[in-house]
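Asks: Got a file for you: entry00.txt, compact mmCIF, C-alpha atoms.
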```txt
# COMPACT_ATOMS: atom_id res chain seq x y z
CA MET A 1 -75.56 -17.80 27.09
CA ILE A 2 -78.91 -16.07 27.44
CA GLU A 3 -79.07 -12.65 25.85
CA VAL A 4 -81.57 -10.36 27.57
CA GLU A 5 -82.31 -7.62 25.08
CA VAL A 6 -84.79 -4.81 24.46
CA LYS A 7 -84.99 -2.73 21.33
CA VAL A 8 -86.74 0.57 20.61
CA LYS A 9 -87.12 2.82 17.58
CA ILE A 10 -85.49 6.22 18.09
CA ASP A 11 -85.44 9.47 16.12
CA ASP A 12 -82.54 11.48 17.43
CA LYS A 13 -79.19 9.68 17.67
CA ASP A 14 -77.25 12.56 19.23
CA LYS A 15 -79.85 13.09 21.93
CA ILE A 16 -79.84 9.40 22.95
CA ALA A 17 -76.02 9.30 22.91
CA GLU A 18 -75.94 12.33 25.20
CA GLN A 19 -78.50 10.80 27.57
CA LEU A 20 -76.58 7.50 27.70
CA LYS A 21 -73.41 9.38 28.66
CA ASN A 22 -75.33 11.22 31.39
CA LEU A 23 -76.40 7.83 32.77
CA GLY A 24 -72.75 6.73 32.99
CA PHE A 25 -72.43 4.84 29.69
CA LYS A 26 -69.08 5.12 27.92
CA PHE A 27 -68.64 5.04 24.15
CA VAL A 28 -66.72 1.87 23.19
CA LYS A 29 -66.59 1.71 19.41
CA LYS A 30 -68.36 2.10 16.11
CA LYS A 31 -68.70 -0.95 13.90
CA PHE A 32 -69.99 -1.78 10.45
CA GLN A 33 -71.94 -5.03 10.49
CA GLU A 34 -73.23 -7.02 7.55
CA ASP A 35 -75.44 -9.95 8.51
CA ILE A 36 -76.32 -12.80 6.18
CA TYR A 37 -79.33 -14.71 7.49
CA PHE A 38 -80.42 -18.18 6.43
CA ASN A 39 -83.81 -19.80 6.65
CA GLY A 40 -84.14 -23.38 7.91
CA ILE A 41 -83.94 -26.65 5.98
CA ASP A 42 -86.79 -28.59 7.55
CA ARG A 43 -88.61 -25.65 9.17
CA ASP A 44 -89.31 -21.97 8.58
CA PHE A 45 -87.25 -19.97 11.10
CA ARG A 46 -89.85 -17.18 10.86
CA GLU A 47 -92.34 -19.63 12.37
CA THR A 48 -90.01 -21.29 14.88
CA ASP A 49 -88.53 -17.89 15.81
CA GLU A 50 -84.95 -19.08 15.36
CA ALA A 51 -82.10 -17.47 13.43
CA LEU A 52 -78.91 -18.61 11.72
CA ARG A 53 -76.56 -15.82 10.78
CA ILE A 54 -73.08 -15.11 9.42
CA ARG A 55 -71.91 -11.72 10.67
CA ASP A 56 -69.13 -9.70 9.08
CA GLU A 57 -68.06 -7.12 11.64
CA ASP A 58 -65.37 -4.91 10.17
CA GLY A 59 -63.79 -7.97 8.55
CA LYS A 60 -64.14 -10.34 11.53
CA PHE A 61 -66.59 -13.19 10.98
CA PHE A 62 -69.00 -15.03 13.26
CA VAL A 63 -71.65 -17.73 12.98
CA THR A 64 -74.57 -17.22 15.35
CA TYR A 65 -77.55 -19.41 16.20
CA LYS A 66 -80.43 -17.77 18.06
CA GLY A 67 -83.15 -19.82 19.73
CA PRO A 68 -86.79 -18.73 20.08
CA LYS A 69 -87.55 -15.66 22.23
CA ILE A 70 -88.44 -16.73 25.74
CA ASP A 71 -90.55 -13.95 27.18
CA LYS A 72 -93.41 -11.76 26.03
CA ILE A 73 -91.75 -8.36 26.31
CA SER A 74 -88.10 -8.52 25.39
CA LYS A 75 -85.97 -10.19 22.73
CA THR A 76 -84.40 -12.48 25.36
CA ARG A 77 -83.22 -15.76 23.82
CA GLU A 78 -80.48 -18.34 23.76
CA GLU A 79 -77.56 -17.35 21.59
CA ILE A 80 -74.55 -19.44 20.51
CA GLU A 81 -71.80 -17.65 18.63
CA VAL A 82 -68.48 -18.85 17.23
CA GLY A 83 -65.73 -17.00 15.38
CA ILE A 84 -64.88 -18.27 11.88
CA GLU A 85 -61.95 -17.58 9.57
CA ASP A 86 -63.78 -17.10 6.30
CA LYS A 87 -67.23 -15.72 5.54
CA GLU A 88 -67.63 -16.92 1.96
CA LYS A 89 -66.63 -20.53 2.65
CA MET A 90 -69.04 -20.77 5.58
CA ARG A 91 -71.77 -19.29 3.40
CA GLN A 92 -71.09 -21.91 0.73
CA ILE A 93 -71.24 -24.70 3.31
CA PHE A 94 -74.63 -23.51 4.62
CA ILE A 95 -76.01 -23.26 1.08
CA LYS A 96 -74.72 -26.76 0.21
CA LEU A 97 -76.39 -28.10 3.35
CA GLY A 98 -79.69 -26.63 2.15
CA PHE A 99 -80.13 -23.42 4.16
CA LYS A 100 -81.78 -20.64 2.22
CA GLU A 101 -80.00 -17.29 2.17
CA VAL A 102 -81.86 -13.99 2.42
CA PRO A 103 -80.43 -10.58 1.38
CA PRO A 104 -78.00 -9.13 3.96
CA ILE A 105 -78.90 -6.63 6.68
CA ARG A 106 -76.32 -3.82 6.93
CA LYS A 107 -75.93 -1.37 9.77
CA VAL A 108 -73.57 0.97 11.51
CA ARG A 109 -73.59 0.22 15.24
CA GLU A 110 -72.31 2.57 17.94
CA ILE A 111 -71.64 0.65 21.11
CA TYR A 112 -71.79 2.09 24.63
CA LYS A 113 -71.13 0.22 27.87
CA LYS A 114 -71.90 0.65 31.53
CA ASP A 115 -70.59 -2.24 33.65
CA ASP A 116 -71.98 -5.36 31.93
CA ILE A 117 -74.83 -3.60 30.14
CA GLY A 118 -74.40 -2.83 26.46
CA ALA A 119 -76.25 -0.08 24.61
CA SER A 120 -76.12 0.01 20.81
CA ILE A 121 -77.34 2.80 18.60
CA ASP A 122 -78.01 1.13 15.25
CA GLU A 123 -78.42 2.89 11.94
CA VAL A 124 -79.92 0.13 9.81
CA GLU A 125 -79.90 0.37 6.01
CA GLY A 126 -83.46 1.01 4.87
CA LEU A 127 -84.97 0.84 8.38
CA GLY A 128 -83.64 3.82 10.34
CA LEU A 129 -82.42 4.33 13.89
CA PHE A 130 -82.80 1.95 16.83
CA LEU A 131 -81.49 1.59 20.37
CA GLU A 132 -80.76 -1.86 21.78
CA LEU A 133 -80.01 -2.52 25.42
CA GLU A 134 -78.60 -5.90 26.31
CA LYS A 135 -76.98 -7.99 28.97
CA SER A 136 -75.76 -11.60 28.68
CA ILE A 137 -76.38 -14.01 31.55
CA PRO A 138 -75.29 -17.64 31.90
CA ASP A 139 -78.76 -18.99 32.77
CA ILE A 140 -82.40 -18.10 32.53
CA ASN A 141 -83.17 -17.64 36.25
CA LYS A 142 -82.07 -14.02 36.51
CA LYS A 143 -83.84 -12.99 33.33
CA ASP A 144 -86.66 -10.99 34.99
CA LYS A 145 -84.30 -9.14 37.28
CA VAL A 146 -82.07 -8.17 34.35
CA LEU A 147 -85.08 -7.17 32.27
CA ASP A 148 -86.24 -4.85 35.09
CA GLU A 149 -82.77 -3.34 35.08
CA LEU A 150 -82.99 -2.62 31.32
CA MET A 151 -86.53 -1.21 31.73
CA GLU A 152 -85.23 1.22 34.36
CA ILE A 153 -82.68 2.50 31.84
CA LEU A 154 -85.37 2.99 29.19
CA LYS A 155 -87.38 4.93 31.75
CA SER A 156 -84.39 7.16 32.50
CA LEU A 157 -84.14 7.80 28.75
CA ASN A 158 -87.82 8.85 28.74
CA ILE A 159 -88.71 5.98 26.42
CA SER A 160 -91.99 4.26 27.23
CA ARG A 161 -92.62 0.48 27.16
CA GLU A 162 -94.94 0.98 24.18
CA ASN A 163 -91.94 1.75 21.98
CA ILE A 164 -90.41 -1.68 22.53
CA ILE A 165 -90.02 -3.73 19.35
CA ARG A 166 -89.63 -7.51 19.59
CA LYS A 167 -89.17 -8.03 15.88
CA SER A 168 -85.71 -8.50 14.43
CA TYR A 169 -84.37 -6.22 11.70
CA LEU A 170 -84.93 -9.14 9.35
CA GLU A 171 -88.59 -9.30 10.33
CA LEU A 172 -88.98 -5.51 10.20
CA ARG A 173 -87.60 -5.45 6.69
CA GLY A 174 -90.07 -8.16 5.72
CA LEU A 175 -92.92 -5.95 6.92
CA GLN A 176 -92.03 -3.07 4.65
CA MET B 1 -61.62 -27.02 -4.35
CA ILE B 2 -61.76 -30.53 -5.72
CA GLU B 3 -59.92 -33.08 -3.66
CA VAL B 4 -58.63 -35.98 -5.75
CA GLU B 5 -57.98 -38.76 -3.29
CA VAL B 6 -57.28 -42.50 -3.21
CA LYS B 7 -57.16 -44.61 -0.10
CA VAL B 8 -55.79 -48.12 0.49
CA LYS B 9 -55.57 -50.46 3.48
CA ILE B 10 -51.96 -51.17 4.48
CA ASP B 11 -50.32 -53.53 6.94
CA ASP B 12 -46.81 -52.25 7.52
CA LYS B 13 -46.49 -48.57 8.34
CA ASP B 14 -42.69 -48.48 8.49
CA LYS B 15 -42.35 -50.17 5.11
CA ILE B 16 -44.72 -47.69 3.41
CA ALA B 17 -42.98 -44.73 5.09
CA GLU B 18 -39.64 -46.01 3.80
CA GLN B 19 -41.02 -46.49 0.26
CA LEU B 20 -42.54 -42.99 0.26
CA LYS B 21 -39.18 -41.51 1.22
CA ASN B 22 -37.50 -43.47 -1.60
CA LEU B 23 -40.02 -41.89 -4.01
CA GLY B 24 -39.01 -38.41 -2.85
CA PHE B 25 -41.72 -37.76 -0.26
CA LYS B 26 -40.67 -35.78 2.82
CA PHE B 27 -42.16 -36.26 6.28
CA VAL B 28 -44.06 -33.08 7.26
CA LYS B 29 -45.76 -33.74 10.57
CA LYS B 30 -47.73 -36.08 12.77
CA LYS B 31 -51.19 -34.99 13.88
CA PHE B 32 -53.92 -36.25 16.15
CA GLN B 33 -57.32 -35.75 14.54
CA GLU B 34 -60.73 -36.18 16.12
CA ASP B 35 -63.61 -35.88 13.67
CA ILE B 36 -67.22 -35.35 14.69
CA TYR B 37 -69.56 -36.19 11.81
CA PHE B 38 -73.18 -35.13 11.50
CA ASN B 39 -75.95 -36.67 9.49
CA GLY B 40 -78.30 -34.46 7.44
CA ILE B 41 -81.52 -32.75 8.48
CA ASP B 42 -83.70 -33.40 5.42
CA ARG B 43 -81.64 -36.22 3.88
CA ASP B 44 -79.42 -39.12 4.90
CA PHE B 45 -75.82 -38.20 4.06
CA ARG B 46 -75.03 -41.94 3.75
CA GLU B 47 -77.44 -42.02 0.81
CA THR B 48 -76.51 -38.66 -0.74
CA ASP B 49 -72.80 -39.38 -0.15
CA GLU B 50 -72.17 -36.03 1.52
CA ALA B 51 -70.42 -35.27 4.81
CA LEU B 52 -70.49 -32.53 7.44
CA ARG B 53 -67.65 -32.65 9.90
CA ILE B 54 -66.02 -30.73 12.76
CA ARG B 55 -62.33 -31.62 12.94
CA ASP B 56 -60.14 -31.10 15.99
CA GLU B 57 -56.55 -31.27 14.78
CA ASP B 58 -54.20 -30.89 17.72
CA GLY B 59 -56.50 -28.19 19.16
CA LYS B 60 -57.17 -26.35 15.88
CA PHE B 61 -60.75 -26.60 14.65
CA PHE B 62 -62.34 -26.81 11.20
CA VAL B 63 -65.79 -27.26 9.69
CA THR B 64 -65.79 -29.26 6.47
CA TYR B 65 -68.50 -30.01 3.94
CA LYS B 66 -67.83 -32.79 1.42
CA GLY B 67 -69.97 -33.24 -1.66
CA PRO B 68 -70.75 -36.58 -3.32
CA LYS B 69 -67.87 -38.54 -4.86
CA ILE B 70 -67.59 -37.76 -8.53
CA ASP B 71 -65.86 -40.75 -10.10
CA LYS B 72 -66.05 -44.52 -9.83
CA ILE B 73 -62.54 -45.24 -8.61
CA SER B 74 -61.30 -42.57 -6.27
CA LYS B 75 -62.70 -40.54 -3.39
CA THR B 76 -62.56 -37.36 -5.50
CA ARG B 77 -65.16 -34.83 -4.37
CA GLU B 78 -65.84 -31.18 -3.69
CA GLU B 79 -64.61 -30.05 -0.30
CA ILE B 80 -65.21 -26.74 1.46
CA GLU B 81 -63.35 -26.14 4.72
CA VAL B 82 -63.27 -23.21 7.12
CA GLY B 83 -61.34 -22.66 10.35
CA ILE B 84 -63.42 -22.01 13.48
CA GLU B 85 -62.49 -20.71 16.92
CA ASP B 86 -64.43 -23.12 19.10
CA LYS B 87 -65.37 -26.76 18.56
CA GLU B 88 -68.02 -27.14 21.24
CA LYS B 89 -70.00 -24.03 20.27
CA MET B 90 -70.05 -25.07 16.61
CA ARG B 91 -71.19 -28.54 17.66
CA GLN B 92 -74.03 -27.03 19.70
CA ILE B 93 -75.10 -24.85 16.75
CA PHE B 94 -75.26 -27.86 14.40
CA ILE B 95 -77.26 -29.86 16.96
CA LYS B 96 -79.69 -26.95 17.51
CA LEU B 97 -80.14 -26.70 13.73
CA GLY B 98 -81.13 -30.39 13.66
CA PHE B 99 -78.02 -32.22 12.43
CA LYS B 100 -77.53 -35.63 14.04
CA GLU B 101 -74.14 -36.31 15.60
CA VAL B 102 -72.41 -39.68 15.30
CA PRO B 103 -69.58 -40.91 17.58
CA PRO B 104 -66.18 -39.35 16.70
CA ILE B 105 -63.53 -40.93 14.50
CA ARG B 106 -60.04 -40.63 16.02
CA LYS B 107 -56.76 -41.16 14.23
CA VAL B 108 -53.07 -40.41 14.26
CA ARG B 109 -52.05 -39.09 10.84
CA GLU B 110 -48.48 -38.96 9.55
CA ILE B 111 -48.25 -36.55 6.65
CA TYR B 112 -45.71 -36.75 3.84
CA LYS B 113 -45.41 -34.38 0.87
CA LYS B 114 -43.88 -34.40 -2.56
CA ASP B 115 -44.55 -31.17 -4.46
CA ASP B 116 -48.33 -30.71 -4.27
CA ILE B 117 -49.15 -34.36 -3.56
CA GLY B 118 -49.92 -35.33 0.01
CA ALA B 119 -49.52 -38.84 1.42
CA SER B 120 -51.03 -39.63 4.82
CA ILE B 121 -50.44 -42.76 6.83
CA ASP B 122 -53.47 -43.03 9.11
CA GLU B 123 -53.76 -45.16 12.21
CA VAL B 124 -57.52 -45.10 12.80
CA GLU B 125 -58.96 -46.10 16.18
CA GLY B 126 -60.68 -49.45 15.76
CA LEU B 127 -60.02 -49.70 12.01
CA GLY B 128 -56.27 -50.07 11.52
CA LEU B 129 -53.74 -48.63 9.07
CA PHE B 130 -54.47 -46.81 5.82
CA LEU B 131 -52.60 -44.81 3.22
CA GLU B 132 -54.26 -41.82 1.53
CA LEU B 133 -52.82 -40.03 -1.47
CA GLU B 134 -54.35 -36.70 -2.37
CA LYS B 135 -54.01 -33.60 -4.46
CA SER B 136 -56.29 -30.55 -4.47
CA ILE B 137 -57.21 -28.90 -7.78
CA PRO B 138 -59.32 -25.80 -8.40
CA ASP B 139 -61.62 -27.42 -10.96
CA ILE B 140 -62.79 -30.80 -12.13
CA ASN B 141 -61.21 -30.81 -15.62
CA LYS B 142 -57.81 -32.10 -14.57
CA LYS B 143 -59.24 -34.82 -12.34
CA ASP B 144 -58.36 -37.79 -14.57
CA LYS B 145 -54.81 -36.61 -15.14
CA VAL B 146 -54.27 -36.16 -11.39
CA LEU B 147 -55.86 -39.52 -10.68
CA ASP B 148 -53.42 -41.18 -13.12
CA GLU B 149 -50.59 -39.48 -11.26
CA LEU B 150 -51.78 -40.90 -7.93
CA MET B 151 -52.21 -44.36 -9.51
CA GLU B 152 -48.60 -44.26 -10.69
CA ILE B 153 -47.49 -43.67 -7.10
CA LEU B 154 -49.58 -46.60 -5.85
CA LYS B 155 -47.94 -48.74 -8.53
CA SER B 156 -44.47 -47.66 -7.37
CA LEU B 157 -45.48 -48.71 -3.86
CA ASN B 158 -46.48 -52.15 -5.21
CA ILE B 159 -50.10 -51.59 -4.22
CA SER B 160 -52.63 -52.86 -6.74
CA ARG B 161 -55.82 -51.08 -7.78
CA GLU B 162 -57.85 -53.81 -6.08
CA ASN B 163 -56.80 -52.49 -2.70
CA ILE B 164 -58.44 -49.11 -3.27
CA ILE B 165 -61.20 -48.31 -0.78
CA ARG B 166 -63.77 -45.66 -1.66
CA LYS B 167 -65.56 -45.84 1.66
CA SER B 168 -64.89 -43.23 4.35
CA TYR B 169 -63.69 -44.21 7.82
CA LEU B 170 -67.20 -43.40 8.97
CA GLU B 171 -68.67 -45.88 6.48
CA LEU B 172 -66.01 -48.50 7.27
CA ARG B 173 -66.82 -48.27 10.96
CA GLY B 174 -70.49 -48.72 10.13
CA LEU B 175 -69.65 -51.97 8.34
CA GLN B 176 -68.02 -53.57 11.35
```
Produce structure tokens that represent the structure in this file.
Replies:
Amino acid sequence: MIEVEVKVKIDDKDKIAEQLKNLGFKFVKKKFQEDIYFNGIDRDFRETDEALRIRDEDGKFFVTYKGPKIDKISKTREEIEVGIEDKEKMRQIFIKLGFKEVPPIRKVREIYKKDDIGASIDEVEGLGLFLELEKSIPDINKKDKVLDELMEILKSLNISRENIIRKSYLELRGLQ
Amino acid sequence: MIEVEVKVKIDDKDKIAEQLKNLGFKFVKKKFQEDIYFNGIDRDFRETDEALRIRDEDGKFFVTYKGPKIDKISKTREEIEVGIEDKEKMRQIFIKLGFKEVPPIRKVREIYKKDDIGASIDEVEGLGLFLELEKSIPDINKKDKVLDELMEILKSLNISRENIIRKSYLELRGLQ
């Protein structure tokens, strides 16, 4: 799947939540996510712009691979995700294979939905508040159309393009 | 976990099954297993004696890492295994990360148990019939005692030490 995604820094969570509801978004759920990221064996994922992650989402576990970002504006990229039964065993396997673990990223994520568009208000430990808009599509061809759609929503939220952040939380933490 | 394991080539499946039952082993189940193995990114697992595998066991999926064998006789080694929800997605993730896939090993495995000792009669596609005896232990200290126990069973089956094979099915196929 291709994940078309834009992210912006926000200040006021309640205001954004209210605006999303006014645009027709419905609150879905609140989740606690802890993400363990690994750096590559033969290459530095910060340079190749890839990611390997084990996510613990309220006690459900996932392994995710993210390919390099494929446009200049958004965080659009290939993403492959699979559910796993045990976080610690998978972590041990990755370490044995030679992947290098970095300290976990923790956040509380409030998820809103309107049709097939997801909006997440993230409160990230040590980094603050962010809004992510995303839509998954099976192939790359409709990327620009979907990106326009997400940009329209940002506009309706009175958030300008200049506030868009392409860096991951992992990268943002590295910049501190 | 440490998996203490010995493997021997056998000719007559029915005879071994009968002998196992006479020793107090009970038939547990018959499984079809398809194993996809990957070679390493920064090292050749044939040289380091490690293994990374995705197993499809009658439609249930597992990722397994096996460390190098740790004695001269048996196939005893560290093994870490985790259940996964989807075989194909995990396979794609490993390929994206740079692991090199080799053609799958397929077998029908008949499993017998006596207390905490497992006996498997394997009919391996292209390789023939094998018997594996195994017992998992939490740490390495009791390895030799457990190995003696497995050797006693082989003796009761009239199988001599010379028939023990330390090579994996993957390695045996490579030798053909």
Asks: Hey, list the chain A side of the contact with chain B: 12 Å cut-off, only C-alpha atoms, answer as a PyMOL selection string.
Replies: chain A and resi 1+38-45+48+50-53+60-68+78-99
Asks: Applying 9 Å and only C-alpha atoms, which residues near Glu57 (chain B) remain after dropping the ones on its own chain fewer than 6 positions away? List them as a VMD selection string.
Replies: chain B and resid 31 to 35
Asks: Point out the residue among B:Ile73, B:Leu23, B:Ile153, B:Ile36 with the least atom-to-atom distance to Pro104 (chain B), counting only C-alpha atoms.
Replies: B:Ile36
Asks: Measure the distance from CA of Leu154 (chain A) to CA of Lys107 (chain A) in Å and round it to one decimal.
Replies: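 We find that CA of Leu154 (chain A) and CA of Lys107 (chain A) lie 22.0 Å from each other.
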Asks: If you take every atom of region 153-167 of chain B that the file lists and fit an axis-aligned box around them with 3 Å extra on each side, what centre and edge lengths come out in Å to one decimal, as lines of an AutoDock Vina configuration file?
Replies:
```
center_x = -55.0
center_y = -48.7
center_z = -3.4
size_x = 27.1
size_y = 16.1
size_z = 16.2
```
Asks: Lay chain A over chain B using all C-alpha atoms, matched one to one in order, with a least-squares fit; then write it out as a short mmCIF file (atom, residue, chain, number, x, y, z; two decimals) with C-alpha atoms, keeping the file's coordinate frame.
Replies:
```
data_model
loop_
_atom_site.label_atom_id
_atom_site.label_comp_id
_atom_site.auth_asym_id
_atom_site.auth_seq_id
_atom_site.Cartn_x
_atom_site.Cartn_y
_atom_site.Cartn_z
CA MET A 1 -61.63 -26.99 -4.35
CA ILE A 2 -61.77 -30.52 -5.73
CA GLU A 3 -59.92 -33.07 -3.65
CA VAL A 4 -58.63 -35.98 -5.74
CA GLU A 5 -57.97 -38.77 -3.28
CA VAL A 6 -57.29 -42.51 -3.20
CA LYS A 7 -57.15 -44.63 -0.09
CA VAL A 8 -55.78 -48.13 0.51
CA LYS A 9 -55.56 -50.47 3.48
CA ILE A 10 -51.96 -51.18 4.50
CA ASP A 11 -50.31 -53.56 6.96
CA ASP A 12 -46.81 -52.27 7.52
CA LYS A 13 -46.47 -48.57 8.37
CA ASP A 14 -42.67 -48.49 8.49
CA LYS A 15 -42.35 -50.19 5.11
CA ILE A 16 -44.72 -47.71 3.41
CA ALA A 17 -42.98 -44.74 5.09
CA GLU A 18 -39.63 -46.01 3.79
CA GLN A 19 -41.01 -46.49 0.27
CA LEU A 20 -42.55 -43.00 0.27
CA LYS A 21 -39.18 -41.51 1.22
CA ASN A 22 -37.51 -43.47 -1.59
CA LEU A 23 -40.02 -41.91 -4.01
CA GLY A 24 -39.01 -38.42 -2.86
CA PHE A 25 -41.72 -37.77 -0.25
CA LYS A 26 -40.67 -35.79 2.81
CA PHE A 27 -42.15 -36.26 6.27
CA VAL A 28 -44.06 -33.09 7.25
CA LYS A 29 -45.75 -33.74 10.57
CA LYS A 30 -47.73 -36.07 12.77
CA LYS A 31 -51.18 -34.98 13.87
CA PHE A 32 -53.92 -36.24 16.14
CA GLN A 33 -57.32 -35.74 14.54
CA GLU A 34 -60.73 -36.18 16.11
CA ASP A 35 -63.61 -35.86 13.66
CA ILE A 36 -67.22 -35.33 14.68
CA TYR A 37 -69.56 -36.17 11.81
CA PHE A 38 -73.19 -35.13 11.49
CA ASN A 39 -75.96 -36.68 9.47
CA GLY A 40 -78.30 -34.47 7.43
CA ILE A 41 -81.53 -32.77 8.48
CA ASP A 42 -83.71 -33.41 5.45
CA ARG A 43 -81.64 -36.21 3.89
CA ASP A 44 -79.42 -39.11 4.91
CA PHE A 45 -75.81 -38.19 4.05
CA ARG A 46 -75.04 -41.92 3.74
CA GLU A 47 -77.45 -41.99 0.80
CA THR A 48 -76.51 -38.64 -0.74
CA ASP A 49 -72.80 -39.36 -0.16
CA GLU A 50 -72.19 -36.02 1.53
CA ALA A 51 -70.42 -35.26 4.81
CA LEU A 52 -70.50 -32.52 7.44
CA ARG A 53 -67.65 -32.64 9.89
CA ILE A 54 -66.02 -30.73 12.75
CA ARG A 55 -62.34 -31.61 12.92
CA ASP A 56 -60.15 -31.08 15.96
CA GLU A 57 -56.56 -31.26 14.76
CA ASP A 58 -54.21 -30.88 17.70
CA GLY A 59 -56.49 -28.18 19.13
CA LYS A 60 -57.18 -26.34 15.85
CA PHE A 61 -60.77 -26.60 14.64
CA PHE A 62 -62.34 -26.80 11.19
CA VAL A 63 -65.80 -27.24 9.69
CA THR A 64 -65.79 -29.24 6.46
CA TYR A 65 -68.52 -29.99 3.94
CA LYS A 66 -67.85 -32.76 1.43
CA GLY A 67 -70.00 -33.21 -1.67
CA PRO A 68 -70.76 -36.56 -3.32
CA LYS A 69 -67.86 -38.52 -4.85
CA ILE A 70 -67.58 -37.76 -8.53
CA ASP A 71 -65.85 -40.73 -10.09
CA LYS A 72 -66.05 -44.50 -9.85
CA ILE A 73 -62.54 -45.23 -8.62
CA SER A 74 -61.31 -42.56 -6.27
CA LYS A 75 -62.71 -40.53 -3.39
CA THR A 76 -62.56 -37.35 -5.51
CA ARG A 77 -65.17 -34.80 -4.37
CA GLU A 78 -65.84 -31.16 -3.70
CA GLU A 79 -64.62 -30.03 -0.31
CA ILE A 80 -65.24 -26.71 1.48
CA GLU A 81 -63.37 -26.13 4.71
CA VAL A 82 -63.29 -23.19 7.11
CA GLY A 83 -61.36 -22.64 10.33
CA ILE A 84 -63.43 -22.01 13.47
CA GLU A 85 -62.50 -20.72 16.92
CA ASP A 86 -64.43 -23.14 19.08
CA LYS A 87 -65.36 -26.78 18.55
CA GLU A 88 -68.01 -27.16 21.24
CA LYS A 89 -69.99 -24.05 20.27
CA MET A 90 -70.06 -25.08 16.61
CA ARG A 91 -71.19 -28.55 17.65
CA GLN A 92 -74.02 -27.05 19.70
CA ILE A 93 -75.10 -24.88 16.77
CA PHE A 94 -75.26 -27.89 14.41
CA ILE A 95 -77.26 -29.89 16.96
CA LYS A 96 -79.69 -26.98 17.51
CA LEU A 97 -80.15 -26.73 13.74
CA GLY A 98 -81.13 -30.41 13.68
CA PHE A 99 -78.03 -32.24 12.44
CA LYS A 100 -77.54 -35.62 14.03
CA GLU A 101 -74.15 -36.31 15.59
CA VAL A 102 -72.41 -39.68 15.29
CA PRO A 103 -69.57 -40.89 17.57
CA PRO A 104 -66.18 -39.34 16.70
CA ILE A 105 -63.53 -40.93 14.49
CA ARG A 106 -60.04 -40.61 16.01
CA LYS A 107 -56.76 -41.16 14.24
CA VAL A 108 -53.08 -40.39 14.27
CA ARG A 109 -52.05 -39.11 10.84
CA GLU A 110 -48.48 -38.95 9.55
CA ILE A 111 -48.25 -36.56 6.65
CA TYR A 112 -45.70 -36.76 3.83
CA LYS A 113 -45.41 -34.39 0.88
CA LYS A 114 -43.87 -34.41 -2.56
CA ASP A 115 -44.53 -31.17 -4.47
CA ASP A 116 -48.32 -30.73 -4.27
CA ILE A 117 -49.12 -34.37 -3.55
CA GLY A 118 -49.92 -35.34 0.01
CA ALA A 119 -49.51 -38.84 1.43
CA SER A 120 -51.02 -39.65 4.83
CA ILE A 121 -50.43 -42.78 6.84
CA ASP A 122 -53.48 -43.03 9.11
CA GLU A 123 -53.76 -45.16 12.20
CA VAL A 124 -57.51 -45.11 12.80
CA GLU A 125 -58.96 -46.09 16.18
CA GLY A 126 -60.68 -49.45 15.77
CA LEU A 127 -60.01 -49.71 12.01
CA GLY A 128 -56.25 -50.06 11.54
CA LEU A 129 -53.74 -48.64 9.08
CA PHE A 130 -54.47 -46.82 5.82
CA LEU A 131 -52.59 -44.80 3.22
CA GLU A 132 -54.26 -41.83 1.55
CA LEU A 133 -52.83 -40.04 -1.45
CA GLU A 134 -54.35 -36.71 -2.36
CA LYS A 135 -54.01 -33.61 -4.44
CA SER A 136 -56.31 -30.55 -4.45
CA ILE A 137 -57.20 -28.91 -7.76
CA PRO A 138 -59.30 -25.80 -8.39
CA ASP A 139 -61.62 -27.42 -10.96
CA ILE A 140 -62.79 -30.79 -12.14
CA ASN A 141 -61.20 -30.82 -15.62
CA LYS A 142 -57.80 -32.12 -14.57
CA LYS A 143 -59.24 -34.81 -12.33
CA ASP A 144 -58.35 -37.80 -14.57
CA LYS A 145 -54.81 -36.61 -15.13
CA VAL A 146 -54.27 -36.16 -11.39
CA LEU A 147 -55.85 -39.53 -10.66
CA ASP A 148 -53.42 -41.18 -13.11
CA GLU A 149 -50.60 -39.46 -11.26
CA LEU A 150 -51.78 -40.92 -7.92
CA MET A 151 -52.23 -44.38 -9.50
CA GLU A 152 -48.62 -44.27 -10.70
CA ILE A 153 -47.50 -43.67 -7.11
CA LEU A 154 -49.57 -46.62 -5.85
CA LYS A 155 -47.95 -48.75 -8.53
CA SER A 156 -44.48 -47.65 -7.40
CA LEU A 157 -45.50 -48.70 -3.87
CA ASN A 158 -46.47 -52.14 -5.23
CA ILE A 159 -50.09 -51.60 -4.23
CA SER A 160 -52.62 -52.87 -6.74
CA ARG A 161 -55.84 -51.07 -7.79
CA GLU A 162 -57.86 -53.82 -6.09
CA ASN A 163 -56.79 -52.50 -2.69
CA ILE A 164 -58.43 -49.12 -3.26
CA ILE A 165 -61.18 -48.30 -0.77
CA ARG A 166 -63.78 -45.65 -1.65
CA LYS A 167 -65.56 -45.82 1.68
CA SER A 168 -64.88 -43.23 4.35
CA TYR A 169 -63.68 -44.21 7.81
CA LEU A 170 -67.19 -43.40 8.98
CA GLU A 171 -68.65 -45.86 6.50
CA LEU A 172 -66.00 -48.49 7.28
CA ARG A 173 -66.81 -48.27 10.95
CA GLY A 174 -70.48 -48.73 10.13
CA LEU A 175 -69.64 -51.97 8.33
CA GLN A 176 -68.00 -53.55 11.33
#
```
